[in-house]
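Taking it in order: structure first as structure tokens, then the write-up.
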Amino acid sequence: MPIDEVETISVDDVEEKKCGENEKKQPRREVYLLPNLFTTAALFSGFYSIIAAMNGHYTYAAMAIFISMVFDGLDGRVARLTRTESAFGAEYDSLADMVSFGIAPALVVFTWSLAPLGKVGWIAAFIYAVGAALRLARFNTMIGVEDKRYFTGLPSPAAAAIVAGVIWAANEKGLSGESMATMMMLLVPIVGLLMVSNVKYRSFKDLNLKGRVPFVVLLIAVLVLVFIALEPALLLMSVFCLYGVWGVLGIAFKRFR
């Protein structure tokens with residue numbers, strides 16, 4: 001081949017080629033809109049709960065925590081249905097959960113009931129908050145390892161529902177936070193410790209809602225909805241308190257057996 005026909009390659013061409021190869025190797029950092037909108041809605045509800053408690057609207061603060069639970073339950077399911085799961089969404093969901101189910105319940109219960117107790121009050125609230133943080137951190141490290149049918153430790157949304165349910169029900173019945181300060185001083189740290197315990201709680205992820213059920217089950221579901229409409233605060237508090245106790249009772253039953 002003649003020398004004048006040899007293709008000459010400059011240094012700039014080599015660098016451009018390397019940059020193009022590096023761009024191809026780097027994965028695209030995509031953020032899916034729909035599931036993250038639900039996560040943002042859950043975060044907003046948790047933030048609003050704090051603002052409502054600061055203004056003395058404790059019933060609205062407790063209701064906002066339950067609304068945050070609804071959005072938190074929807075974001076993961078929407079991501080799986082639309083195949084828009086991502087590492088960003090998982091991390092964002094965990095941070096939003098810390099605000100909605102960790103910081104918000106701790107601040108709401110402190111301003112509602114525990115503030116008059118001084119140091120004992122804020123220590124009780126802090127035990128709950130750090131329990132929620134450790135619970136979420138452990139949950140993230142056990143993804144893919146733990147049995148999906150069970151949670152290790154009380155889930156943070158259920159723990160927040162216990163605290164918010166008590167506040168909501170007490171306000172509905174005309175009970176003040178100061179009159180329940182002693183009970184909340186015991187309840188809040190216990191709930192926080194249950195989150196970091198090794199107690200197993202059913203996740204109900206294996207529940208098949210598509211299968212056929214007897215007609216009586218449908219009637220029971222209708223009655224439950226009626227009771228929720230009549231006494232939402234009392235019923236929600238009772239359900240989640242029973243769920244929190246059920247895991248501890250399961251351990252006791254196993255030992256007796």
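Here's how to read the names in the structure tokens: chain A, B, ... by the order shown, residue numbers from 1 in each chain, ligand numbers from 1 in the order shown.
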
Kindly provide the residues of range 79-161 of chain A that approach range 243-249 of chain A to within 8 Å, each paired with its closest atom pair and their distance in Å to one decimal, based on only C-alpha atoms, listed by chain and increasing number, as JSON lines.
```
{"residue": "A:Leu154", "atom": "CA", "partner": "A:Gly244", "partner_atom": "CA", "distance": 6.8}
{"residue": "A:Ala158", "atom": "CA", "partner": "A:Gly244", "partner_atom": "CA", "distance": 7.6}
{"residue": "A:Ala159", "atom": "CA", "partner": "A:Gly244", "partner_atom": "CA", "distance": 7.6}
```

Keeping only N, CA and C atoms, write the selected residues to a file as a PDB file, in the first residue's frame.
```pdb
ATOM      1  N   LEU A 154     -41.129  -4.976  64.028  1.00  0.00           N
ATOM      2  CA  LEU A 154     -42.366  -4.293  63.665  1.00  0.00           C
ATOM      3  C   LEU A 154     -42.096  -3.313  62.525  1.00  0.00           C
ATOM      4  N   ALA A 158     -46.460   0.398  60.464  1.00  0.00           N
ATOM      5  CA  ALA A 158     -47.347  -0.103  61.506  1.00  0.00           C
ATOM      6  C   ALA A 158     -47.041   0.555  62.846  1.00  0.00           C
ATOM      7  N   ALA A 159     -45.764   0.779  63.135  1.00  0.00           N
ATOM      8  CA  ALA A 159     -45.392   1.458  64.378  1.00  0.00           C
ATOM      9  C   ALA A 159     -45.933   2.883  64.394  1.00  0.00           C
TER      10      ALA A 159
END
```

Which of A:Leu114, A:Val188, A:Val199, A:Met183 sits closest to Ala132 in chain A [using only C-alpha atoms]: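 Using only C-alpha atoms, the shortest distance to Ala132 in chain A belongs to A:Val188.
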
Go through range 151-244 of chain A and flag each residue having an atom no more than 9 Å from range 66-85 of chain A; for those, report the closest pair of atoms plus their distance in Å to one decimal, using only C-alpha atoms, ordered by chain and rising number, as a Markdown table.
```
| residue | atom | partner | partner_atom | distance |
| --- | --- | --- | --- | --- |
| A:Pro157 | CA | A:Met69 | CA | 6.3 |
| A:Ala158 | CA | A:Met69 | CA | 8.7 |
| A:Ala160 | CA | A:Phe66 | CA | 8.4 |
| A:Ala161 | CA | A:Phe66 | CA | 6.6 |
| A:Ala164 | CA | A:Phe66 | CA | 7.7 |
| A:Gly165 | CA | A:Phe66 | CA | 8.5 |
```

So which residues touch Gly46 in chain A within 12 Å, counting only C-alpha atoms, skipping near sequence neighbours fewer than 3 positions away, as JSON, numbers by chain? {"A": [39, 40, 41, 42, 43, 49, 50, 51, 52, 53, 60, 61, 62, 63, 64, 65, 66, 67, 68, 69, 70, 71, 72, 95, 96, 97, 98, 99, 100, 101, 102, 103, 104, 105, 106, 107, 108, 157, 160, 164]}

Dump as a PDB file, in the first residue's frame, selection limited to C-alpha atoms:
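Wrote again12.pdb, looks like this:
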```pdb
ATOM      1  CA  THR A  39     -43.332   8.578  47.248  1.00  0.00           C
ATOM      2  CA  THR A  40     -43.310  12.376  47.146  1.00  0.00           C
ATOM      3  CA  ALA A  41     -46.970  12.417  48.179  1.00  0.00           C
ATOM      4  CA  ALA A  42     -46.124  10.174  51.142  1.00  0.00           C
ATOM      5  CA  LEU A  43     -43.262  12.485  52.089  1.00  0.00           C
ATOM      6  CA  SER A  49     -48.137  16.018  59.878  1.00  0.00           C
ATOM      7  CA  ILE A  50     -45.240  17.822  61.555  1.00  0.00           C
ATOM      8  CA  ILE A  51     -46.576  21.246  60.546  1.00  0.00           C
ATOM      9  CA  ALA A  52     -50.077  20.372  61.801  1.00  0.00           C
ATOM     10  CA  ALA A  53     -48.699  19.244  65.160  1.00  0.00           C
ATOM     11  CA  TYR A  60     -55.002  16.286  61.312  1.00  0.00           C
ATOM     12  CA  ALA A  61     -51.420  15.346  62.134  1.00  0.00           C
ATOM     13  CA  ALA A  62     -52.418  11.770  62.949  1.00  0.00           C
ATOM     14  CA  MET A  63     -54.635  11.514  59.868  1.00  0.00           C
ATOM     15  CA  ALA A  64     -51.764  12.715  57.681  1.00  0.00           C
ATOM     16  CA  ILE A  65     -49.604   9.835  58.893  1.00  0.00           C
ATOM     17  CA  PHE A  66     -52.282   7.354  57.823  1.00  0.00           C
ATOM     18  CA  ILE A  67     -52.555   9.074  54.438  1.00  0.00           C
ATOM     19  CA  SER A  68     -48.796   8.754  54.096  1.00  0.00           C
ATOM     20  CA  MET A  69     -49.174   5.013  54.741  1.00  0.00           C
ATOM     21  CA  VAL A  70     -51.594   4.743  51.815  1.00  0.00           C
ATOM     22  CA  PHE A  71     -49.211   6.466  49.400  1.00  0.00           C
ATOM     23  CA  ASP A  72     -46.280   4.445  50.730  1.00  0.00           C
ATOM     24  CA  LEU A  95     -35.708   8.387  53.109  1.00  0.00           C
ATOM     25  CA  ALA A  96     -39.378   9.340  52.793  1.00  0.00           C
ATOM     26  CA  ASP A  97     -40.312   6.550  55.228  1.00  0.00           C
ATOM     27  CA  MET A  98     -37.850   7.912  57.769  1.00  0.00           C
ATOM     28  CA  VAL A  99     -39.582  11.290  57.673  1.00  0.00           C
ATOM     29  CA  SER A 100     -43.165  10.009  57.567  1.00  0.00           C
ATOM     30  CA  PHE A 101     -42.895   7.046  59.950  1.00  0.00           C
ATOM     31  CA  GLY A 102     -39.862   7.977  62.037  1.00  0.00           C
ATOM     32  CA  ILE A 103     -39.476  11.707  62.596  1.00  0.00           C
ATOM     33  CA  ALA A 104     -43.112  12.766  62.140  1.00  0.00           C
ATOM     34  CA  PRO A 105     -44.670  10.388  64.733  1.00  0.00           C
ATOM     35  CA  ALA A 106     -41.892  11.141  67.220  1.00  0.00           C
ATOM     36  CA  LEU A 107     -42.378  14.922  66.945  1.00  0.00           C
ATOM     37  CA  VAL A 108     -46.174  14.696  66.941  1.00  0.00           C
ATOM     38  CA  PRO A 157     -45.556   2.139  58.993  1.00  0.00           C
ATOM     39  CA  ALA A 160     -46.334   4.937  63.182  1.00  0.00           C
ATOM     40  CA  ALA A 164     -50.931   8.070  65.371  1.00  0.00           C
TER      41      ALA A 164
END
```

Pick out the closest residue to Asp93 in chain A from this set: A:Val191, A:Val217, A:Met237, A:Leu37. Count only C-alpha atoms.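 For Asp93 in chain A, the nearest of the given residues is A:Leu37.
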
DSSP on the backbone: which residues in range 8-240 of chain A end up as helix (DSSP H, G or I)? Give the answer as a PyMOL selection string. chain A and resi 11-25+33-54+58-81+87-117+119-141+156-172+178-195+215-230+232-240

So how many Å separate CA of Leu136 in chain A and CA of Ile228 in chain A, to one decimal? 29.1 Å

CA of Met195 in chain A to CA of Thr141 in chain A, distance in Å rounded to a single decimal: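 Between CA of Met195 in chain A and CA of Thr141 in chain A the gap is 15.0 Å.
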
Which residue of A:Gly56, A:Gly177, A:Pro189, A:Pro214 approaches Phe126 in chain A most closely, using only C-alpha atoms: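 Residue with the minimum atom-to-atom distance to Phe126 in chain A: A:Pro189.
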
Separation of CA of Ser238 in chain A from CA of Val109 in chain A in Å: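 Interatomic distance here is 17.8 Å.
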
Using only C-alpha atoms, find the one residue out of A:Met184, A:Val31, A:Leu218, A:Ala252 that sits nearest to Phe88 in chain A.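 Using only C-alpha atoms, the shortest distance to Phe88 in chain A belongs to A:Val31.
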